[in-house]
Structure formats: C-alpha cells, structure tokens
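Written below as structure tokens is the structure these notes are about.
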Amino acid sequence: LGRELSLAKQYALPKVVGMYTKAILILTLTITSLMSTFAAAPLVYEGEKGLGKGKHLVFIASDHEYRSEETLPALARILAKHHGFKCSVVFGVNAKGEIQPGANNVPGIEELAKADLMVVFTRFQNWPEDQMKHFVNYLDRAGPIVGLRTATHGFNKIPKDSPYAKYNNGFGGADYKDGFGRQVLGEKWAGHYGGNHRSSTRLDIVPEQAKHPILHGVKNMWAQCGGYNT
C-alpha cells in the first residue's frame, strides 16, 4: 500500500502542478489580451450636465516629446466633469496595443465621424490609410479643430504615392502648399528658436490678474523648454 501511495504521489503531483501552471498561463494571457484591448480603445469620459451636454469632443494624442498622452486625458476629464461634454481620447499605440507616444497607429479614430470638435496633438505621424481617411473626412466636412503645439507638423513621411501625402509637413505641391499645418492651422514647423532642449522660459503672473480664479494656487514658474520660429 505504501509503495502504491508513493507511486500515486509521484505521478499525480506533476499532473496537478501542470494543470495549475496551464490555468495560470491561460489567465495571464487573457488578462494581457484584455489590457491590450482596453489600451487600444478610446478613453471615454461621459459628461453629465453643463453647457457641453450632448456634444462630443474627440482628442487625438500621439507625440513623443510633450506628453500629449497625459495632457489630453486630463483636459478631457475636466471638460466632461465640469462642463458636461462627452470626451473620447484616442492614443497612438504599438503592435501590442499599448500606448506608445508617437506611434503611427491610432485605433478608435473613427470616433471623428460623431465628433463636434477635434483636438489634435500629434507630431510627424504616418497613419495607415484606413485611419487617415477618418481624419480627412472630418476635415472635408469642415469640422472645428483645436491644434496643440506640434500639430503644426502633425504629419510626416507619408509616402509620396499615398493619396494623403499632401498632409505632410512642408509638402511642396502648389495645391496644398506646406501641408496640413500651413493649410489648416496656419503654420508648418519652421524650426526652433534658440537651442532646442537647452533654452528655458520664465513665466511671470501679471499682478492685476493674480487673483483670477484660473491662477488660484499658481506661482511664478520656470521651465526648461524651447520655442518655435514662424
């Protein structure tokens, strides 16, 4: 009997361990897959009440220098919570479905079809054509746009044979000179003022405005940052 119990333990234990290992592996893969799916989907803030109730704002975040993936969700949350807008944030994501600043893939951009306003904060993007068409369709219906910082050079390296090549920063064709930035936002990327990443800026509060609500808790600031030529 003792020998039989010993053999049972010898063969049964590895089988049980193997079953648990397989279950844990499946659970891990499932969680990873769900996390990738959630990361690839738009981040949505639903507004409840306020002047923005019934309006849908779509934010596009994909640059690798100025943290649009942090700035735009914060702005969207404020606009939803305090003003009632529905706000959807679309991110640049990598092949794993993870948010990657500057990635040339923005799943969820089809939300623009239902948008009342687009806020774009991108830099040197080259999206797949099936995504770019949603952006262009929005432009073609004259949807309102807010472009932040690097949006002036939001696209680059779109292949010359692409139907969307003219949106490249500095496009040379006469029909859409200098690309999306110049034609839609009023300026392309024209170079840095001073040394990029070596300049600094001091921000002083105008004394007469020091008690304005928007400056509550704000002190004089200094930041390491550069400027652009125009």
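Each chain in the structure tokens gets a letter, A, B, ..., in the order shown, and its residues are numbered from 1; ligands are numbered from 1 in order too.
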- Message: When you look at region 72-85 of chain A with a cut-off of 7 Å (counting only C-alpha atoms), what residues show up, excluding the ones that are within fewer than 3 positions of it in the same chain? I need them as a list of chain:residue names.
- Response: A:Tyr45, A:Glu46, A:Gly47, A:Glu48, A:Lys49, A:Gly50, A:Leu51, A:Gly52, A:Lys53, A:Gly54, A:Lys55, A:His56, A:Leu57, A:Phe59, A:Ala61, A:Ser68, A:Glu69, A:Val89
Grab the residues selected above and save them as a short mmCIF file (atom, residue, chain, number, x, y, z; two decimals), in the first residue's frame with C-alpha atoms.
```cif
data_model
loop_
_atom_site.label_atom_id
_atom_site.label_comp_id
_atom_site.auth_asym_id
_atom_site.auth_seq_id
_atom_site.Cartn_x
_atom_site.Cartn_y
_atom_site.Cartn_z
CA TYR A 45 -15.33 60.45 -20.18
CA GLU A 46 -19.10 60.88 -20.11
CA GLY A 47 -20.34 64.34 -19.17
CA GLU A 48 -23.48 64.62 -17.07
CA LYS A 49 -24.53 68.26 -17.11
CA GLY A 50 -23.32 71.62 -18.29
CA LEU A 51 -23.11 73.68 -21.46
CA GLY A 52 -21.39 70.79 -23.24
CA LYS A 53 -24.15 68.26 -22.64
CA GLY A 54 -24.94 66.48 -25.91
CA LYS A 55 -21.64 67.49 -27.56
CA HIS A 56 -18.86 65.01 -28.36
CA LEU A 57 -15.19 66.05 -28.34
CA PHE A 59 -8.88 64.12 -28.69
CA ALA A 61 -2.78 62.07 -28.71
CA SER A 68 0.08 64.51 -25.11
CA GLU A 69 -0.92 61.10 -23.75
CA VAL A 89 -9.33 60.26 -26.20
#
```
- Message: as a ChimeraX atom specification, please: every residue in chain A that a backbone DSSP assignment puts in strand (DSSP E).
- Response: /A:43-45,56-62,86-91,117-122,145-147,192-193,200-203,221-224,227-228
Based on the selection just made, write N, CA and C atoms of those residues as a short mmCIF file (atom, residue, chain, number, x, y, z; two decimals), in the first residue's frame.
```
data_model
loop_
_atom_site.label_atom_id
_atom_site.label_comp_id
_atom_site.auth_asym_id
_atom_site.auth_seq_id
_atom_site.Cartn_x
_atom_site.Cartn_y
_atom_site.Cartn_z
N LEU A 43 -10.37 56.23 -24.71
CA LEU A 43 -10.68 56.51 -23.31
C LEU A 43 -11.84 57.50 -23.30
N VAL A 44 -12.95 57.14 -22.69
CA VAL A 44 -14.16 57.95 -22.78
C VAL A 44 -14.56 58.49 -21.40
N TYR A 45 -14.78 59.79 -21.37
CA TYR A 45 -15.33 60.45 -20.18
C TYR A 45 -16.73 60.95 -20.55
N HIS A 56 -19.91 66.04 -28.42
CA HIS A 56 -18.86 65.01 -28.36
C HIS A 56 -17.53 65.59 -28.84
N LEU A 57 -16.52 65.58 -27.99
CA LEU A 57 -15.19 66.05 -28.34
C LEU A 57 -14.26 64.85 -28.47
N VAL A 58 -13.47 64.83 -29.55
CA VAL A 58 -12.51 63.74 -29.77
C VAL A 58 -11.10 64.30 -29.72
N PHE A 59 -10.27 63.70 -28.88
CA PHE A 59 -8.88 64.12 -28.69
C PHE A 59 -7.96 63.06 -29.29
N ILE A 60 -6.97 63.50 -30.08
CA ILE A 60 -6.01 62.58 -30.68
C ILE A 60 -4.63 62.87 -30.10
N ALA A 61 -4.06 61.89 -29.40
CA ALA A 61 -2.78 62.07 -28.71
C ALA A 61 -1.73 61.10 -29.24
N SER A 62 -0.73 61.63 -29.95
CA SER A 62 0.40 60.80 -30.35
C SER A 62 1.59 61.67 -30.74
N LYS A 86 -19.13 64.98 -23.66
CA LYS A 86 -18.62 63.63 -23.81
C LYS A 86 -17.26 63.75 -24.47
N CYS A 87 -16.23 63.17 -23.87
CA CYS A 87 -14.87 63.32 -24.39
C CYS A 87 -14.24 61.95 -24.63
N SER A 88 -13.81 61.70 -25.86
CA SER A 88 -13.13 60.46 -26.22
C SER A 88 -11.69 60.77 -26.57
N VAL A 89 -10.75 60.05 -25.95
CA VAL A 89 -9.33 60.26 -26.20
C VAL A 89 -8.78 59.06 -26.96
N VAL A 90 -8.19 59.32 -28.13
CA VAL A 90 -7.59 58.28 -28.97
C VAL A 90 -6.07 58.40 -28.86
N PHE A 91 -5.40 57.28 -28.65
CA PHE A 91 -3.95 57.29 -28.42
C PHE A 91 -3.19 56.59 -29.55
N LEU A 117 -16.12 68.39 -32.19
CA LEU A 117 -14.85 69.11 -32.16
C LEU A 117 -13.72 68.10 -32.09
N MET A 118 -12.63 68.37 -32.82
CA MET A 118 -11.42 67.55 -32.75
C MET A 118 -10.31 68.36 -32.10
N VAL A 119 -9.65 67.77 -31.11
CA VAL A 119 -8.45 68.36 -30.51
C VAL A 119 -7.30 67.44 -30.89
N VAL A 120 -6.35 67.97 -31.66
CA VAL A 120 -5.26 67.13 -32.18
C VAL A 120 -3.92 67.58 -31.61
N PHE A 121 -3.19 66.62 -31.07
CA PHE A 121 -1.86 66.87 -30.50
C PHE A 121 -0.97 65.72 -30.99
N THR A 122 -0.47 65.87 -32.21
CA THR A 122 0.33 64.82 -32.83
C THR A 122 1.65 65.42 -33.33
N ILE A 145 -11.59 72.48 -35.32
CA ILE A 145 -10.33 71.86 -34.89
C ILE A 145 -9.61 72.76 -33.89
N VAL A 146 -9.04 72.14 -32.86
CA VAL A 146 -8.07 72.80 -31.99
C VAL A 146 -6.77 72.01 -32.13
N GLY A 147 -5.71 72.66 -32.58
CA GLY A 147 -4.42 72.01 -32.73
C GLY A 147 -3.46 72.50 -31.66
N HIS A 192 13.41 75.66 -34.78
CA HIS A 192 13.43 76.04 -33.37
C HIS A 192 14.05 77.42 -33.18
N TYR A 193 13.53 78.13 -32.22
CA TYR A 193 14.11 79.41 -31.82
C TYR A 193 15.12 79.12 -30.70
N SER A 200 15.35 78.00 -21.74
CA SER A 200 14.43 77.97 -20.61
C SER A 200 13.48 79.16 -20.71
N THR A 201 12.39 79.06 -19.99
CA THR A 201 11.36 80.09 -20.02
C THR A 201 10.91 80.42 -18.60
N ARG A 202 10.81 81.71 -18.30
CA ARG A 202 10.27 82.14 -17.01
C ARG A 202 8.87 82.69 -17.24
N LEU A 203 7.95 82.27 -16.42
CA LEU A 203 6.55 82.70 -16.55
C LEU A 203 6.19 83.55 -15.34
N MET A 221 6.64 80.66 -12.41
CA MET A 221 7.17 79.36 -12.81
C MET A 221 8.39 79.52 -13.71
N TRP A 222 9.18 78.46 -13.74
CA TRP A 222 10.30 78.36 -14.67
C TRP A 222 10.26 76.98 -15.30
N ALA A 223 10.54 76.91 -16.56
CA ALA A 223 10.52 75.62 -17.25
C ALA A 223 11.65 75.55 -18.27
N GLN A 224 12.20 74.37 -18.42
CA GLN A 224 13.19 74.15 -19.47
C GLN A 224 12.44 73.78 -20.74
N GLY A 227 11.33 77.32 -28.00
CA GLY A 227 10.25 77.90 -28.79
C GLY A 227 10.43 77.58 -30.26
N TYR A 228 9.43 77.94 -31.05
CA TYR A 228 9.47 77.71 -32.49
C TYR A 228 9.59 79.02 -33.25
#
```
- What is the distance between CA of Trp127 (chain A) and CA of His197 (chain A), in Å to one decimal?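 Those two atoms sit 27.3 Å apart.
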- Item | Interatomic distance (Å, one decimal) between CA of Val93 (chain A) and CA of Leu148 (chain A) | 19.5 Å
- Item | helix (DSSP H, G or I) call set, DSSP backbone run, region 2-214 of chain A, as a PyMOL selection string | chain A and resi 2-40+68-83+109-114+129-140+149-153+165-167+174-176+179-185+207-209+213-214
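When CA of Met132 (chain A) is paired with CA of Pro159 (chain A), their separation reads 12.7 Å.
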Gln131 (chain A): which residues within 9 Å, counting only C-alpha atoms, same-chain residues fewer than 3 positions away excluded, as a JSON list (two decimals) with N, CA and C atoms, in the first residue's frame?
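Okay, around-v2.json is ready:
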```json
[["chain", "number", "residue", "atom", "x", "y", "z"],
["A", 105, "ASN", "N", -0.18, 54.65, -35.20],
["A", 105, "ASN", "CA", -1.36, 53.79, -35.21],
["A", 105, "ASN", "C", -2.32, 54.33, -34.17],
["A", 106, "VAL", "N", -3.49, 54.78, -34.60],
["A", 106, "VAL", "CA", -4.44, 55.42, -33.68],
["A", 106, "VAL", "C", -5.81, 54.75, -33.77],
["A", 107, "PRO", "N", -5.95, 53.53, -33.27],
["A", 107, "PRO", "CA", -7.25, 52.85, -33.31],
["A", 107, "PRO", "C", -8.30, 53.64, -32.55],
["A", 108, "GLY", "N", -9.50, 53.63, -33.10],
["A", 108, "GLY", "CA", -10.58, 54.38, -32.49],
["A", 108, "GLY", "C", -10.82, 55.73, -33.12],
["A", 109, "ILE", "N", -9.99, 56.09, -34.12],
["A", 109, "ILE", "CA", -10.12, 57.41, -34.74],
["A", 109, "ILE", "C", -11.42, 57.55, -35.52],
["A", 110, "GLU", "N", -12.09, 56.45, -35.76],
["A", 110, "GLU", "CA", -13.40, 56.53, -36.42],
["A", 110, "GLU", "C", -14.42, 57.29, -35.57],
["A", 127, "TRP", "N", -0.12, 57.59, -40.48],
["A", 127, "TRP", "CA", -1.11, 56.59, -40.12],
["A", 127, "TRP", "C", -1.45, 55.69, -41.30],
["A", 128, "PRO", "N", -1.96, 54.48, -41.03],
["A", 128, "PRO", "CA", -2.49, 53.64, -42.10],
["A", 128, "PRO", "C", -3.60, 54.39, -42.84],
["A", 134, "HIS", "N", -10.47, 58.76, -41.96],
["A", 134, "HIS", "CA", -11.41, 59.32, -40.98],
["A", 134, "HIS", "C", -11.03, 60.75, -40.62],
["A", 135, "PHE", "N", -9.73, 61.01, -40.53],
["A", 135, "PHE", "CA", -9.23, 62.35, -40.25],
["A", 135, "PHE", "C", -9.58, 63.29, -41.40]]
```
- A:Thr150, A:Thr230, A:Ile205, A:Gln100 ranked by distance to Val218 (chain A), top pick (using only C-alpha atoms):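 Ranked by minimum distance to Val218 (chain A), first place goes to A:Ile205.
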- Shell of 9 Å around Gln125 (chain A), only C-alpha atoms, local chain residues under 2 positions omitted, as number ranges by chain: A: 62-63, 102-105, 122-123, 127, 153-158, 168
